[in-house]
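Structure below is structure-v5.cif: mmCIF, C-alpha atoms.
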```cif
data_my_file
loop_
_atom_site.group_PDB
_atom_site.id
_atom_site.type_symbol
_atom_site.label_atom_id
_atom_site.label_comp_id
_atom_site.auth_asym_id
_atom_site.auth_seq_id
_atom_site.Cartn_x
_atom_site.Cartn_y
_atom_site.Cartn_z
ATOM 1 C CA MET A 20 -27.796 -14.997 -18.605
ATOM 2 C CA PRO A 21 -25.998 -15.464 -15.244
ATOM 3 C CA ASP A 22 -28.008 -15.451 -12.038
ATOM 4 C CA ILE A 23 -27.381 -12.053 -10.442
ATOM 5 C CA LEU A 24 -28.106 -13.571 -7.031
ATOM 6 C CA ALA A 25 -25.652 -16.449 -7.431
ATOM 7 C CA PRO A 26 -23.526 -16.593 -4.249
ATOM 8 C CA ALA A 27 -19.828 -15.863 -4.494
ATOM 9 C CA HIS A 28 -19.118 -18.292 -1.632
ATOM 10 C CA PRO A 29 -20.405 -21.686 -0.459
ATOM 11 C CA LEU A 30 -23.570 -21.441 1.634
ATOM 12 C CA ARG A 31 -22.782 -20.507 5.227
ATOM 13 C CA ARG A 32 -25.189 -20.477 8.154
ATOM 14 C CA LEU A 33 -25.114 -17.250 10.161
ATOM 15 C CA ALA A 34 -26.923 -16.557 13.420
ATOM 16 C CA VAL A 35 -28.328 -13.007 13.507
ATOM 17 C CA CYS A 36 -29.190 -11.780 17.009
ATOM 18 C CA ILE A 37 -31.041 -8.649 18.127
ATOM 19 C CA ASP A 38 -29.803 -7.430 21.497
ATOM 20 C CA ASP A 39 -31.619 -5.473 24.232
ATOM 21 C CA TYR A 40 -35.151 -6.892 23.920
ATOM 22 C CA GLY A 41 -37.118 -5.582 26.895
ATOM 23 C CA LEU A 42 -35.290 -2.238 27.037
ATOM 24 C CA HIS A 43 -38.015 -0.330 25.193
ATOM 25 C CA ALA A 44 -40.995 -0.850 22.897
ATOM 26 C CA GLY A 45 -39.186 0.153 19.692
ATOM 27 C CA ILE A 46 -36.671 -2.669 20.101
ATOM 28 C CA ASP A 47 -39.408 -5.134 20.988
ATOM 29 C CA GLU A 48 -41.503 -4.236 17.945
ATOM 30 C CA ALA A 49 -38.550 -4.484 15.556
ATOM 31 C CA SER A 50 -37.561 -7.846 17.013
ATOM 32 C CA VAL A 51 -41.043 -9.289 16.641
ATOM 33 C CA ARG A 52 -41.451 -8.051 13.084
ATOM 34 C CA LEU A 53 -38.035 -9.250 11.949
ATOM 35 C CA ALA A 54 -38.558 -12.625 13.643
ATOM 36 C CA ARG A 55 -41.847 -13.068 11.778
ATOM 37 C CA ALA A 56 -40.099 -12.170 8.521
ATOM 38 C CA GLY A 57 -37.339 -14.730 9.104
ATOM 39 C CA ARG A 58 -34.623 -12.082 8.972
ATOM 40 C CA ILE A 59 -33.159 -12.810 12.408
ATOM 41 C CA SER A 60 -32.546 -16.059 14.243
ATOM 42 C CA ALA A 61 -31.949 -14.966 17.847
ATOM 43 C CA VAL A 62 -33.199 -12.410 20.367
ATOM 44 C CA SER A 63 -31.351 -11.515 23.569
ATOM 45 C CA VAL A 64 -33.617 -10.385 26.393
ATOM 46 C CA MET A 65 -32.651 -7.802 28.986
ATOM 47 C CA SER A 66 -34.863 -9.366 31.621
ATOM 48 C CA GLU A 67 -34.525 -6.410 34.027
ATOM 49 C CA GLY A 68 -35.833 -4.134 31.269
ATOM 50 C CA PRO A 69 -39.043 -2.161 31.769
ATOM 51 C CA THR A 70 -41.054 -3.868 29.001
ATOM 52 C CA TRP A 71 -40.232 -7.419 30.145
ATOM 53 C CA PRO A 72 -42.137 -9.661 30.871
ATOM 54 C CA ASP A 73 -45.119 -7.861 29.296
ATOM 55 C CA SER A 74 -43.423 -8.126 25.885
ATOM 56 C CA ALA A 75 -42.864 -11.881 26.166
ATOM 57 C CA ALA A 76 -46.224 -12.878 24.676
ATOM 58 C CA ALA A 77 -45.659 -11.051 21.373
ATOM 59 C CA LEU A 78 -42.206 -12.573 21.010
ATOM 60 C CA ARG A 79 -43.515 -16.048 21.831
ATOM 61 C CA GLN A 80 -46.127 -15.756 19.110
ATOM 62 C CA ALA A 81 -43.567 -14.472 16.570
ATOM 63 C CA VAL A 82 -41.102 -17.316 17.050
ATOM 64 C CA GLN A 83 -43.752 -19.945 16.327
ATOM 65 C CA THR A 84 -43.368 -19.328 12.596
ATOM 66 C CA HIS A 85 -39.549 -19.270 12.313
ATOM 67 C CA PRO A 86 -36.853 -20.918 14.476
ATOM 68 C CA VAL A 87 -35.485 -18.186 16.742
ATOM 69 C CA ASP A 88 -33.234 -18.645 19.776
ATOM 70 C CA VAL A 89 -34.414 -16.552 22.729
ATOM 71 C CA GLY A 90 -31.862 -15.982 25.452
ATOM 72 C CA LEU A 91 -30.646 -13.822 28.328
ATOM 73 C CA HIS A 92 -28.751 -10.572 27.742
ATOM 74 C CA LEU A 93 -26.926 -10.331 31.089
ATOM 75 C CA ASN A 94 -26.812 -6.747 32.350
ATOM 76 C CA LEU A 95 -24.336 -5.255 34.810
ATOM 77 C CA THR A 96 -24.000 -1.756 33.366
ATOM 78 C CA GLU A 97 -27.321 -0.368 32.089
ATOM 79 C CA PRO A 98 -29.341 1.719 34.597
ATOM 80 C CA LEU A 99 -32.955 0.540 34.565
ATOM 81 C CA PRO A 100 -36.017 1.230 36.699
ATOM 82 C CA GLY A 101 -35.167 -0.115 40.131
ATOM 83 C CA VAL A 102 -31.704 -1.213 38.953
ATOM 84 C CA ALA A 103 -28.567 0.849 39.449
ATOM 85 C CA GLY A 104 -26.163 0.970 36.534
ATOM 86 C CA GLU A 105 -22.379 1.063 36.637
ATOM 87 C CA PRO A 106 -20.078 2.452 33.927
ATOM 88 C CA LEU A 107 -18.555 -0.233 31.729
ATOM 89 C CA GLN A 108 -15.017 0.928 32.441
ATOM 90 C CA ARG A 109 -15.570 0.419 36.179
ATOM 91 C CA VAL A 110 -17.102 -3.022 35.629
ATOM 92 C CA VAL A 111 -14.122 -4.039 33.457
ATOM 93 C CA LEU A 112 -11.684 -2.836 36.129
ATOM 94 C CA ARG A 113 -13.522 -4.532 38.998
ATOM 95 C CA ALA A 114 -13.762 -7.794 37.087
ATOM 96 C CA GLY A 115 -10.088 -7.690 36.126
ATOM 97 C CA LEU A 116 -9.099 -7.162 39.763
ATOM 98 C CA ARG A 117 -11.590 -9.835 40.933
ATOM 99 C CA GLY A 118 -13.224 -7.064 42.933
ATOM 100 C CA PHE A 119 -16.830 -8.217 42.712
ATOM 101 C CA ASN A 120 -18.479 -9.774 45.729
ATOM 102 C CA ALA A 121 -18.922 -13.261 44.267
ATOM 103 C CA ARG A 122 -22.090 -14.000 46.222
ATOM 104 C CA ALA A 123 -23.731 -10.721 45.218
ATOM 105 C CA LEU A 124 -22.712 -11.272 41.603
ATOM 106 C CA ARG A 125 -24.198 -14.771 41.657
ATOM 107 C CA GLN A 126 -27.437 -13.375 43.080
ATOM 108 C CA ARG A 127 -27.533 -10.749 40.317
ATOM 109 C CA ILE A 128 -27.085 -13.419 37.645
ATOM 110 C CA ASP A 129 -29.618 -15.782 39.230
ATOM 111 C CA GLY A 130 -32.107 -12.944 39.583
ATOM 112 C CA GLN A 131 -31.941 -12.128 35.884
ATOM 113 C CA LEU A 132 -32.285 -15.797 34.960
ATOM 114 C CA ASP A 133 -35.268 -16.094 37.319
ATOM 115 C CA ARG A 134 -36.935 -13.088 35.701
ATOM 116 C CA PHE A 135 -36.241 -14.428 32.216
ATOM 117 C CA GLU A 136 -37.706 -17.840 33.027
ATOM 118 C CA ALA A 137 -40.745 -16.369 34.763
ATOM 119 C CA GLY A 138 -41.565 -14.342 31.663
ATOM 120 C CA TRP A 139 -40.629 -16.898 29.025
ATOM 121 C CA GLY A 140 -41.791 -20.059 30.758
ATOM 122 C CA ALA A 141 -38.547 -21.898 29.961
ATOM 123 C CA GLY A 142 -34.810 -21.569 30.250
ATOM 124 C CA PRO A 143 -32.845 -19.466 27.768
ATOM 125 C CA ASP A 144 -31.611 -20.869 24.453
ATOM 126 C CA HIS A 145 -28.444 -18.845 24.909
ATOM 127 C CA VAL A 146 -26.707 -16.422 27.252
ATOM 128 C CA ASP A 147 -24.670 -13.359 26.359
ATOM 129 C CA GLY A 148 -23.938 -10.005 27.943
ATOM 130 C CA HIS A 149 -24.868 -6.359 27.513
ATOM 131 C CA GLN A 150 -21.632 -4.664 26.462
ATOM 132 C CA HIS A 151 -20.082 -8.152 26.519
ATOM 133 C CA VAL A 152 -19.813 -8.273 30.326
ATOM 134 C CA HIS A 153 -20.457 -12.031 30.385
ATOM 135 C CA GLN A 154 -16.903 -12.722 29.169
ATOM 136 C CA LEU A 155 -15.041 -10.627 31.758
ATOM 137 C CA PRO A 156 -12.734 -12.257 34.318
ATOM 138 C CA GLN A 157 -14.600 -13.328 37.477
ATOM 139 C CA VAL A 158 -17.954 -12.691 35.768
ATOM 140 C CA ARG A 159 -17.498 -15.613 33.362
ATOM 141 C CA ALA A 160 -16.508 -17.967 36.190
ATOM 142 C CA VAL A 161 -19.513 -17.034 38.335
ATOM 143 C CA LEU A 162 -21.792 -17.182 35.289
ATOM 144 C CA LEU A 163 -20.645 -20.665 34.293
ATOM 145 C CA GLY A 164 -21.120 -21.846 37.874
ATOM 146 C CA ALA A 165 -24.659 -20.456 37.966
ATOM 147 C CA LEU A 166 -25.552 -22.017 34.619
ATOM 148 C CA GLU A 167 -24.141 -25.430 35.545
ATOM 149 C CA ALA A 168 -26.135 -25.455 38.777
ATOM 150 C CA ARG A 169 -29.322 -24.412 37.012
ATOM 151 C CA TYR A 170 -29.040 -26.501 33.827
ATOM 152 C CA PRO A 171 -27.270 -29.772 34.716
ATOM 153 C CA ASP A 172 -28.754 -31.626 31.735
ATOM 154 C CA ALA A 173 -26.183 -31.203 28.955
ATOM 155 C CA SER A 174 -28.840 -31.686 26.272
ATOM 156 C CA ARG A 175 -30.798 -28.651 27.500
ATOM 157 C CA ARG A 176 -27.956 -26.224 28.109
ATOM 158 C CA PRO A 177 -28.006 -22.781 26.503
ATOM 159 C CA TRP A 178 -25.213 -21.886 24.134
ATOM 160 C CA LEU A 179 -22.888 -19.036 25.039
ATOM 161 C CA ARG A 180 -21.960 -16.084 22.875
ATOM 162 C CA ALA A 181 -18.295 -15.924 21.952
ATOM 163 C CA SER A 182 -17.190 -12.375 21.163
ATOM 164 C CA ARG A 183 -14.026 -13.191 19.220
ATOM 165 C CA ALA A 184 -13.243 -11.061 16.193
ATOM 166 C CA PRO A 185 -12.577 -12.936 12.948
ATOM 167 C CA LEU A 186 -9.226 -12.959 11.245
ATOM 168 C CA GLY A 187 -8.491 -11.452 7.879
ATOM 169 C CA ALA A 188 -8.492 -8.101 6.206
ATOM 170 C CA GLY A 189 -11.674 -6.176 5.644
ATOM 171 C CA LEU A 190 -13.212 -6.377 9.128
ATOM 172 C CA PRO A 191 -14.915 -3.040 9.850
ATOM 173 C CA LEU A 192 -13.631 -1.200 12.927
ATOM 174 C CA ARG A 193 -10.954 -3.814 13.603
ATOM 175 C CA ARG A 194 -9.569 -1.999 16.665
ATOM 176 C CA LYS A 195 -12.903 -1.939 18.523
ATOM 177 C CA ALA A 196 -13.637 -5.557 17.612
ATOM 178 C CA ASP A 197 -10.212 -6.629 18.861
ATOM 179 C CA VAL A 198 -10.619 -4.730 22.148
ATOM 180 C CA ILE A 199 -13.880 -6.593 22.767
ATOM 181 C CA SER A 200 -12.069 -9.865 22.039
ATOM 182 C CA TRP A 201 -9.194 -9.023 24.357
ATOM 183 C CA LEU A 202 -11.549 -8.506 27.296
ATOM 184 C CA GLY A 203 -12.034 -12.258 27.650
ATOM 185 C CA ALA A 204 -13.624 -13.771 24.550
ATOM 186 C CA ALA A 205 -11.030 -16.505 24.005
ATOM 187 C CA GLU A 206 -10.924 -17.333 27.706
ATOM 188 C CA LEU A 207 -14.698 -17.704 27.922
ATOM 189 C CA GLN A 208 -14.831 -19.891 24.833
ATOM 190 C CA ARG A 209 -11.977 -22.056 26.104
ATOM 191 C CA ALA A 210 -13.592 -22.474 29.546
ATOM 192 C CA ALA A 211 -16.929 -23.257 27.918
ATOM 193 C CA GLN A 212 -15.395 -25.957 25.734
ATOM 194 C CA GLN A 213 -13.546 -27.527 28.638
ATOM 195 C CA ARG A 214 -16.820 -27.744 30.567
ATOM 196 C CA GLY A 215 -18.924 -28.954 27.646
ATOM 197 C CA TRP A 216 -20.759 -25.761 26.707
ATOM 198 C CA SER A 217 -21.387 -24.818 23.086
ATOM 199 C CA SER A 218 -20.804 -21.443 21.474
ATOM 200 C CA ASN A 219 -20.862 -19.647 18.148
ATOM 201 C CA GLY A 220 -17.687 -19.187 16.122
ATOM 202 C CA TYR A 221 -16.745 -15.555 15.564
ATOM 203 C CA LEU A 222 -18.695 -12.383 16.370
ATOM 204 C CA LEU A 223 -19.629 -9.892 13.661
ATOM 205 C CA GLY A 224 -21.549 -6.622 13.891
ATOM 206 C CA VAL A 225 -19.123 -4.389 15.807
ATOM 207 C CA TYR A 226 -19.136 -0.778 14.596
ATOM 208 C CA GLY A 227 -19.395 2.761 15.959
ATOM 209 C CA PHE A 228 -23.209 3.285 15.739
ATOM 210 C CA ASP A 229 -22.360 6.294 13.595
ATOM 211 C CA THR A 230 -23.458 5.697 10.004
ATOM 212 C CA ASP A 231 -26.482 6.156 7.752
ATOM 213 C CA ALA A 232 -28.554 3.447 6.045
ATOM 214 C CA PRO A 233 -26.324 3.076 2.949
ATOM 215 C CA GLY A 234 -23.283 2.942 5.204
ATOM 216 C CA TYR A 235 -24.822 0.291 7.453
ATOM 217 C CA ARG A 236 -25.869 -1.770 4.437
ATOM 218 C CA ALA A 237 -22.264 -1.639 3.225
ATOM 219 C CA LEU A 238 -21.099 -2.862 6.642
ATOM 220 C CA LEU A 239 -23.557 -5.760 6.508
ATOM 221 C CA GLN A 240 -22.270 -6.732 3.074
ATOM 222 C CA ARG A 241 -18.708 -6.835 4.420
ATOM 223 C CA TRP A 242 -19.753 -8.897 7.447
ATOM 224 C CA PHE A 243 -21.711 -11.301 5.249
ATOM 225 C CA ALA A 244 -18.626 -11.784 3.071
ATOM 226 C CA LEU A 245 -16.446 -12.513 6.136
ATOM 227 C CA ALA A 246 -18.926 -14.861 7.849
ATOM 228 C CA GLN A 247 -18.023 -18.489 8.375
ATOM 229 C CA ASP A 248 -20.494 -21.276 9.076
ATOM 230 C CA GLY A 249 -21.720 -20.968 12.675
ATOM 231 C CA ASP A 250 -20.678 -17.348 13.261
ATOM 232 C CA LEU A 251 -22.960 -14.788 14.903
ATOM 233 C CA LEU A 252 -23.848 -11.254 13.853
ATOM 234 C CA MET A 253 -25.249 -8.995 16.558
ATOM 235 C CA CYS A 254 -27.527 -6.082 15.697
ATOM 236 C CA HIS A 255 -29.597 -3.443 17.500
ATOM 237 C CA PRO A 256 -32.567 -2.340 15.351
ATOM 238 C CA ALA A 257 -35.562 -0.456 16.697
ATOM 239 C CA CYS A 258 -38.655 0.871 14.905
ATOM 240 C CA HIS A 259 -38.509 3.959 17.122
ATOM 241 C CA ALA A 260 -36.542 5.028 20.181
ATOM 242 C CA PRO A 261 -36.994 7.355 23.153
ATOM 243 C CA ALA A 262 -34.818 10.427 23.467
ATOM 244 C CA ASP A 263 -32.740 8.913 26.272
ATOM 245 C CA ASP A 264 -31.604 5.936 24.153
ATOM 246 C CA VAL A 265 -27.992 6.900 23.439
ATOM 247 C CA ILE A 266 -27.875 4.787 20.261
ATOM 248 C CA GLY A 267 -31.487 5.420 19.312
ATOM 249 C CA ALA A 268 -30.642 7.017 15.960
ATOM 250 C CA ALA A 269 -28.385 4.084 15.021
ATOM 251 C CA ARG A 270 -31.111 1.620 16.013
ATOM 252 C CA GLN A 271 -33.499 3.239 13.539
ATOM 253 C CA VAL A 272 -30.854 3.198 10.804
ATOM 254 C CA GLU A 273 -30.365 -0.535 11.399
ATOM 255 C CA TRP A 274 -34.127 -1.088 11.295
ATOM 256 C CA ALA A 275 -34.346 0.612 7.911
ATOM 257 C CA VAL A 276 -31.772 -1.816 6.493
ATOM 258 C CA TRP A 277 -32.898 -5.039 8.173
ATOM 259 C CA GLN A 278 -36.482 -4.633 6.992
ATOM 260 C CA SER A 279 -35.530 -3.399 3.515
ATOM 261 C CA ASP A 280 -36.268 -5.119 0.202
ATOM 262 C CA THR A 281 -32.529 -5.229 -0.558
ATOM 263 C CA LEU A 282 -31.553 -7.465 2.372
ATOM 264 C CA PRO A 283 -32.575 -10.857 0.912
ATOM 265 C CA GLY A 284 -30.518 -10.174 -2.210
ATOM 266 C CA ASP A 285 -27.470 -9.171 -0.164
ATOM 267 C CA LEU A 286 -27.716 -12.412 1.820
ATOM 268 C CA ALA A 287 -28.182 -14.512 -1.310
ATOM 269 C CA ARG A 288 -25.240 -12.960 -3.155
ATOM 270 C CA ALA A 289 -23.007 -13.590 -0.141
ATOM 271 C CA GLY A 290 -24.152 -17.204 0.167
ATOM 272 C CA VAL A 291 -25.375 -16.610 3.725
ATOM 273 C CA GLU A 292 -28.448 -18.206 5.297
ATOM 274 C CA VAL A 293 -29.848 -16.771 8.535
ATOM 275 C CA THR A 294 -30.113 -19.814 10.803
ATOM 276 C CA ALA A 295 -30.794 -20.434 14.482
ATOM 277 C CA LEU A 296 -27.503 -21.437 16.072
ATOM 278 C CA ARG A 297 -29.139 -24.207 18.062
ATOM 279 C CA SER A 298 -29.876 -25.889 14.702
ATOM 280 C CA VAL A 299 -26.238 -25.590 13.654
ATOM 281 C CA LEU A 300 -25.041 -26.972 16.968
ATOM 282 C CA ALA A 301 -27.590 -29.804 16.912
ATOM 283 C CA GLY A 302 -26.263 -30.862 13.511
ATOM 284 C CA ARG A 303 -22.721 -30.853 14.819
ATOM 285 C CA SER A 304 -23.793 -32.865 17.838
ATOM 286 C CA SER A 305 -25.395 -35.477 15.577
ATOM 287 C CA SER A 306 -22.241 -35.574 13.478
ATOM 288 C CA ALA A 307 -20.109 -36.059 16.577
ATOM 289 C CA ALA A 308 -22.344 -38.902 17.761
ATOM 290 C CA SER A 309 -21.735 -40.662 14.460
ATOM 291 C CA GLY A 310 -17.991 -40.079 14.541
ATOM 292 C CA GLY A 311 -17.885 -36.668 12.870
ATOM 293 C CA ALA A 312 -17.113 -33.196 14.139
ATOM 294 C CA HIS A 313 -17.077 -32.181 17.778
ATOM 295 C CA SER A 314 -20.377 -30.819 19.054
ATOM 296 C CA VAL A 315 -18.905 -27.611 20.437
ATOM 297 C CA ALA A 316 -18.034 -24.820 18.051
ATOM 298 C CA PRO A 317 -14.219 -24.760 17.806
ATOM 299 C CA ALA A 318 -12.317 -21.939 19.454
ATOM 300 C CA ARG A 319 -10.648 -20.657 16.323
ATOM 301 C CA GLN A 320 -7.463 -18.725 16.799
ATOM 302 C CA SER A 321 -7.490 -14.942 16.432
#
```
For this file, produce the structure as structure tokens.
Amino acid sequence: MPDILAPAHPLRRLAVCIDDYGLHAGIDEASVRLARAGRISAVSVMSEGPTWPDSAAALRQAVQTHPVDVGLHLNLTEPLPGVAGEPLQRVVLRAGLRGFNARALRQRIDGQLDRFEAGWGAGPDHVDGHQHVHQLPQVRAVLLGALEARYPDASRRPWLRASRAPLGAGLPLRRKADVISWLGAAELQRAAQQRGWSSNGYLLGVYGFDTDAPGYRALLQRWFALAQDGDLLMCHPACHAPADDVIGAARQVEWAVWQSDTLPGDLARAGVEVTALRSVLAGRSSSAASGGAHSVAPARQS
């Protein structure tokens, strides 16, 4: 009798990252529980968030049992206690026109890194951006400058999230994924490679936050089928959410699927293994040292 869990594709390692840790307790709880269960491999911390750094201890304990990358989720748009927000459209326009005060932007980035390190006790394993702001023109240049000044040792540098949409038919919400890519994903990945910074391959997980649990499970199955080795899937689960969380309902739908009994079978059938990206990149670095592949994830064309 054939194995019903036999993968249809060769085994591929996929980084699965929960965004917005520190924004509220429901996200923090879901992240900790899924990290303990080995169902995610990365957590992105909004270090200006109201539950950080108090929530750092629970996350630190959770990641002792499974390899999980913990990094900074750079925020320029979300209003938080003591932090003014700015609409994404305005941030995109200002960045495109190089309208940010570069010194003030650098201070904002350094401040979030300082707050992350103070809570975590170490530098981030990776850096990405809330609503993908880290890839925008001007922002990416200032960010890379801040990271190079802070982490000069190439062996201890965080990896950077590339937000490029994969090629091929079947990608859910192709238009939205492509818009995110067009806002600077290829340019960030190219600049990172030129300066010796690692990144994931493609980004999966873009959708409209507008489906139920069966619908979200179907999306995951499509993303798993599209995933290539070293890609990243972002997600936003929460065990519960306050009324002012604009995607709170979607977060709880995602939580229902990520903690479900059906998830391991969906991963197995797709031939996907949830893996910390730092492990993937370390293997590539070892291969490069012995004459194999380059240590930086290639900037695949889209």
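By chain and then residue number, the residues within 7 Å of range 258-269 of chain A are Gly45, Ile46, Glu48, Ala49, Phe228, Asp229, Pro256, Gln271, Val272, Glu273 and Trp274 of chain A, counting all atoms listed in the file and disregarding those fewer than 2 positions away in sequence.
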Exercise: range 155-160 of chain A partners within 7 Å, only C-alpha atoms, chain neighbours under 2 positions left out, as a list of chain:residue names: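 That gives A:Val111, A:Ala114, A:Gly115, A:Arg117, A:Val152, A:His153, A:Leu162, A:Leu163, A:Gly164, A:Leu202, A:Gly203, A:Leu207.
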Output of the PyMOL selection byres ((chain A and resi 279-282) around 12), listed as an MDAnalysis selection string: chainID A and resid 24 53 56:59 232:233 235:237 239:240 243 272:278 283:289 291:293
Store the residues of this selection in a file with C-alpha atoms, as an mmCIF file, in the coordinates of the input.
```
data_model
loop_
_atom_site.group_PDB
_atom_site.id
_atom_site.type_symbol
_atom_site.label_atom_id
_atom_site.label_comp_id
_atom_site.auth_asym_id
_atom_site.auth_seq_id
_atom_site.Cartn_x
_atom_site.Cartn_y
_atom_site.Cartn_z
ATOM 1 C CA LEU A 24 -28.106 -13.571 -7.031
ATOM 2 C CA LEU A 53 -38.035 -9.250 11.949
ATOM 3 C CA ALA A 56 -40.099 -12.170 8.521
ATOM 4 C CA GLY A 57 -37.339 -14.730 9.104
ATOM 5 C CA ARG A 58 -34.623 -12.082 8.972
ATOM 6 C CA ILE A 59 -33.159 -12.810 12.408
ATOM 7 C CA ALA A 232 -28.554 3.447 6.045
ATOM 8 C CA PRO A 233 -26.324 3.076 2.949
ATOM 9 C CA TYR A 235 -24.822 0.291 7.453
ATOM 10 C CA ARG A 236 -25.869 -1.770 4.437
ATOM 11 C CA ALA A 237 -22.264 -1.639 3.225
ATOM 12 C CA LEU A 239 -23.557 -5.760 6.508
ATOM 13 C CA GLN A 240 -22.270 -6.732 3.074
ATOM 14 C CA PHE A 243 -21.711 -11.301 5.249
ATOM 15 C CA VAL A 272 -30.854 3.198 10.804
ATOM 16 C CA GLU A 273 -30.365 -0.535 11.399
ATOM 17 C CA TRP A 274 -34.127 -1.088 11.295
ATOM 18 C CA ALA A 275 -34.346 0.612 7.911
ATOM 19 C CA VAL A 276 -31.772 -1.816 6.493
ATOM 20 C CA TRP A 277 -32.898 -5.039 8.173
ATOM 21 C CA GLN A 278 -36.482 -4.633 6.992
ATOM 22 C CA PRO A 283 -32.575 -10.857 0.912
ATOM 23 C CA GLY A 284 -30.518 -10.174 -2.210
ATOM 24 C CA ASP A 285 -27.470 -9.171 -0.164
ATOM 25 C CA LEU A 286 -27.716 -12.412 1.820
ATOM 26 C CA ALA A 287 -28.182 -14.512 -1.310
ATOM 27 C CA ARG A 288 -25.240 -12.960 -3.155
ATOM 28 C CA ALA A 289 -23.007 -13.590 -0.141
ATOM 29 C CA VAL A 291 -25.375 -16.610 3.725
ATOM 30 C CA GLU A 292 -28.448 -18.206 5.297
ATOM 31 C CA VAL A 293 -29.848 -16.771 8.535
#
```
Spell out the residues picked by the PyMOL selection byres ((chain A and resi 179) around 10) here, as a ChimeraX atom specification. /A:90-91,144-148,153-154,163,176-178,180-182,207-208,211,216-219
Have a look at CA of Val102 in chain A and CA of Val51 in chain A and let me know their distance in Å, one decimal.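 Separation between CA of Val102 in chain A and CA of Val51 in chain A: 25.5 Å.
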Could you check the closest approach to Asp231 in chain A for each of A:Leu300, A:Leu116, A:Ser66, A:Arg270 and tell me which residue wins, using all atoms listed in the file?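 Of A:Leu300, A:Leu116, A:Ser66, A:Arg270, the one nearest Asp231 in chain A is A:Arg270, counting all atoms listed in the file.
Atom pair CA of Pro171 in chain A / CA of Gln213 in chain A has a distance of 15.2 Å (rounded to one decimal).
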Identify all residues satisfying the PyMOL selection byres ((chain A and resi 96) around 12) in the given file; provide them as a PyMOL selection string. chain A and resi 65+67+92-95+97-99+102-111+127+148-153
Given the choices A:Cys36, A:Leu124, A:Val161, A:Arg183, which gets closest to Arg209 in chain A if the distance is worked out from only C-alpha atoms?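 With only C-alpha atoms as the atom set, the closest residue is A:Arg183.
The interatomic distance for the pair CA of Asp129 in chain A and CA of Ala165 in chain A works out to 6.9 Å.
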Which centre and which edge lengths, in Å to one decimal, describe the axis-aligned box that holds all listed atoms of range 75-88 of chain A after 6 Å is added on each side, as lines of an AutoDock Vina configuration file?
```
center_x = -39.7
center_y = -16.0
center_z = 19.2
size_x = 25.0
size_y = 21.9
size_z = 25.9
```
Under the rule that only C-alpha atoms are counted, which of A:Arg125, A:Arg52, A:Trp201, A:Gly68 is the nearest residue to Ala81 in chain A? A:Arg52
Model the absent atoms of range 30-42 of chain A so that N, CA and C atoms are present, and write the result as a compact mmCIF listing (two decimals), keeping the file's coordinate frame.
```
# COMPACT_ATOMS: atom_id res chain seq x y z
N LEU A 30 -22.56 -21.84 0.66
CA LEU A 30 -23.57 -21.44 1.63
C LEU A 30 -23.04 -21.57 3.05
N ARG A 31 -23.21 -20.51 3.82
CA ARG A 31 -22.78 -20.51 5.23
C ARG A 31 -23.96 -20.09 6.10
N ARG A 32 -24.11 -20.77 7.23
CA ARG A 32 -25.19 -20.48 8.15
C ARG A 32 -24.72 -19.45 9.18
N LEU A 33 -25.47 -18.36 9.29
CA LEU A 33 -25.11 -17.25 10.16
C LEU A 33 -26.25 -16.98 11.13
N ALA A 34 -25.94 -16.96 12.42
CA ALA A 34 -26.92 -16.56 13.42
C ALA A 34 -26.95 -15.04 13.47
N VAL A 35 -28.15 -14.45 13.41
CA VAL A 35 -28.33 -13.01 13.51
C VAL A 35 -29.15 -12.73 14.76
N CYS A 36 -28.57 -11.98 15.69
CA CYS A 36 -29.19 -11.78 17.01
C CYS A 36 -29.45 -10.31 17.28
N ILE A 37 -30.69 -9.99 17.65
CA ILE A 37 -31.04 -8.65 18.13
C ILE A 37 -30.82 -8.60 19.63
N ASP A 38 -30.05 -7.62 20.07
CA ASP A 38 -29.80 -7.43 21.50
C ASP A 38 -30.80 -6.43 22.10
N ASP A 39 -30.92 -6.48 23.42
CA ASP A 39 -31.62 -5.47 24.23
C ASP A 39 -33.13 -5.58 24.23
N TYR A 40 -33.69 -6.73 23.83
CA TYR A 40 -35.15 -6.89 23.92
C TYR A 40 -35.58 -6.67 25.37
N GLY A 41 -36.65 -5.91 25.55
CA GLY A 41 -37.12 -5.58 26.90
C GLY A 41 -36.70 -4.21 27.36
N LEU A 42 -35.76 -3.57 26.63
CA LEU A 42 -35.29 -2.24 27.04
C LEU A 42 -36.31 -1.16 26.70
```
